[in-house]
Structures are given as C-alpha cells and as structure tokens.
Amino acid sequence: MKARVHITLKPAVLDPQGKAIAHALSGLGFDGVKDVRQGKYIEIELAPGDPKQAEARVRSMCERLLANPIVETYTIEMSA
Amino acid sequence: MKSAVIVFPGSNRERDAAAALAAFGAPPALVWHRDHELPRSDLILIPGGFSYGDYLRAGAMAANSPIMGAVKAFAEKGGPVLAICNGYQIACEAGLLDGALTRNASLHFECRDVHLLVEGKPTPWTRGIPAGRILRIPIAHAEGRFVHPNVDALEKEGRVVFRYVDPTGGAGEGANPNGSVANIAGTCNARGNVVGLMPHPERASEAVLGSDDGKMLFASLLAEMGRRV
C-alpha cells in the first residue's frame, strides 16, 4: 500500500521560494504566470492492511512530523 | 553551576556556546541527542547549526530526538532553557515555544550584525538587562521569519522578548532582516523560563568578537541563580 502526501504552505503564509520561481519563469519568457506556490511531495510505502486504518496513521504522521500545522496544510492520497 | 548543551548531528555552534558558558563559570556537559537523560544541570542551551541538514523543515527531525523528552521535562519543571538559532527552530518544532520559523522573505542566508530591543516579561535570561537596552548581536540564518497564528496575544502576554530594531530603537521594515511578523527576533513560553531567539548571543560574548552584548543574557541568568559574575 502506498500513501502520497502533498504538503503546502497555507495560503496566508508568504512563500518566497514560489515568488522566486515565478520571477525566474517570467525571465525565461513564460508569460501569464500569475503566482507560484512551492510544496513537498512525500511517498510512503506501507505494509498491507486496512486502508482506513492506514490513512489514519498517515494523518497522524502528518500531524506529528511531516507537516507543521502552524504554517502548512496537507492532503493524503492512498493507493494499493 | 552546572549546564548542558545539547548536540545534534549538524549542530555547529555548541563550542561557542560552551565557551560563553565556561566564561561565566558554568562549563557545560555536551549531551548527545541520542541520550535519554540529562546530567544534573541548572540550565540547558540548545545551540545553533544545521541539525539533520535541515531535512524536512529546520529543526523538525531534532525536535523528535530521544533527548528532547528530558529537555521538555526540565522545561516543565521551570528549568531555564535558552534556544539559539537552529535551537530556536528546534524548540518551536518541539512545542517548547509557540510559532514557526520559515524561509527568510529575502530568500538570502542573512549573516550580519543586527540590533535587538529587549522587552516583554522578565525571563531568567533577560531580567538583568536594563529596560530599553539595545543589543548588537549577529544573525546567521536562512529560515528565521517568525510566523505565529496569534501575534496579538503573544504581544499582550509580554512573550516577545527580542525585537529587531535600528540602532536608535525604531522597529521599522528596514531593521527587519528576514520578514518576521512584528520584527520578532525572540520569544518565551508562558512561564518565561524557555527563551528562544534567532540571533547568536554566544557569538557576541567577547569584545574581540566585535561585541560582547551577548554576555548580558548569560550574566542575567547567573545573577538570577544568585551567583556573582
């Protein structure tokens, strides 16, 4: 079983890296880039088991380590 | 007086911290992050550096090290803890202090002297510093932009202990090296015994280093402990 976790800064939190990327893209001539937000993507291989329980465990991983709930949000996608 | 400095893989300011503490008669035990127990200590210092290479988020991995359980227990009993730079990031990640430290708005690694106004509630580390005193102390960080979900409450409780100011004490945008909300450079917990800051007092603890203003934090704590400096 696999969990795919996306972690992004909350919309209200300034993302200077995203701003720098947007700036670089327009420097390369890509017009119409209105905004860029950079995040993290984490893949977790899990031992087979109950998918509901597994997702709950991944949620707990996000709360305790993978994301900082003060400044970040996350989404979890489970697959076999 | 006995002190302890916690060392993580990637810490790099533990020896400066040890020298600063030794100069005040408190040569520390350096405690490895995998230990579960602290030696008997009157104070704990969490030093700067790049613990775990800043993997995931600065301080996130170190915050879950085995020794942090003992550090939290020490803090809960009211023991004085000073968390500097990466130590501040670790303390926030570990929940010893509120808030988070994010990438500098400038995107640069900021390495220079800054001016700090000491304010807020009295803490063991700042009680001995005259009110309104401005300290000149270096910073060296890429992730020092302080973010907090309720800055007003933090301010009201007097938990903003250090603020970036210009040499005359003005807290304008120009004095803010990293984009921290309200120019916040350092904070304390509700009880005041845990203090964290991004600037490096241990690197400004001898005149030969360009400033010895950082000594005032260590002097304050020693005075608190009833020792002569």
# chains A, B, ... in the order shown; residues from 1 in each chain; ligands from 1
>>> residues_around(residues="stretch 78-80 of chain A", least_positions_apart="3", cutoff="7 Å", atoms="only C-alpha atoms", output="list in words")
Met1, Lys2, Ala3, Arg4 and Glu55 of chain A
>>> write_last_selection(atoms="C-alpha atoms", output="compact mmCIF listing (two decimals), in the first residue's frame")
# COMPACT_ATOMS: atom_id res chain seq x y z
CA MET A 1 0.00 0.00 0.00
CA LYS A 2 1.21 3.46 -0.82
CA ALA A 3 0.45 6.92 0.59
CA ARG A 4 1.12 10.04 -1.40
CA GLU A 55 -4.87 6.52 6.19
>>> interface_residues(of="chain A", to="chain B", cutoff="9 Å", atoms="only C-alpha atoms", output="VMD selection string")
chain A and resid 13 to 17 20 40 65 to 68 70 to 71
>>> select_by_dssp(residues="chain A", states="helix (DSSP H, G or I)", output="ChimeraX atom specification")
/A:16-27,51-66
>>> closest_residue(among="A:Arg57, A:Glu43, A:Leu9, A:Leu28", to="A:Thr73", atoms="only C-alpha atoms")
A:Leu9
>>> residues_around(residues="B:Ile134", least_positions_apart="2", cutoff="7 Å", atoms="only C-alpha atoms", output="list in words")
His115, Leu116, Leu117, Val118, Gly132, Arg136 and Gly169 of chain B
>>> atom_distance(atom1="atom CA of B:Ala219", atom2="atom CA of B:Pro201")
11.5 Å
>>> atom_distance(atom1="atom CA of A:Gly29", atom2="atom CA of A:Thr8")
26.2 Å
>>> residues_around(residues="stretch 172-178 of chain B", least_positions_apart="5", cutoff="9 Å", atoms="only C-alpha atoms", output="list of chain:residue names")
B:Arg103, B:Asn104, B:Ala105, B:Ser106, B:Leu107, B:His108, B:Glu110, B:Val114, B:His115, B:Ile139, B:His141, B:Ala142, B:Glu143, B:Gly144, B:Arg145, B:Phe146, B:Arg163, B:Tyr164, B:Val165, B:Asp166, B:Pro167, B:Asn183, B:Ile184, B:Ala185
>>> residues_around(residues="stretch 4-13 of chain B", least_positions_apart="4", cutoff="7 Å", atoms="only C-alpha atoms", output="list of chain:residue names")
B:Ala17, B:Pro28, B:Ala29, B:Leu30, B:Val31, B:Trp32, B:His33, B:Ser41, B:Leu43, B:Ile44, B:Leu45, B:Ile46, B:Pro47, B:Gly48, B:Gly49, B:Phe50, B:Ser51, B:Tyr52, B:Gly53, B:Ala62
>>> residues_around(residues="B:Ala23", least_positions_apart="5", cutoff="10 Å", atoms="only C-alpha atoms", output="ChimeraX atom specification")
/B:17-18,205-206,215,218,229
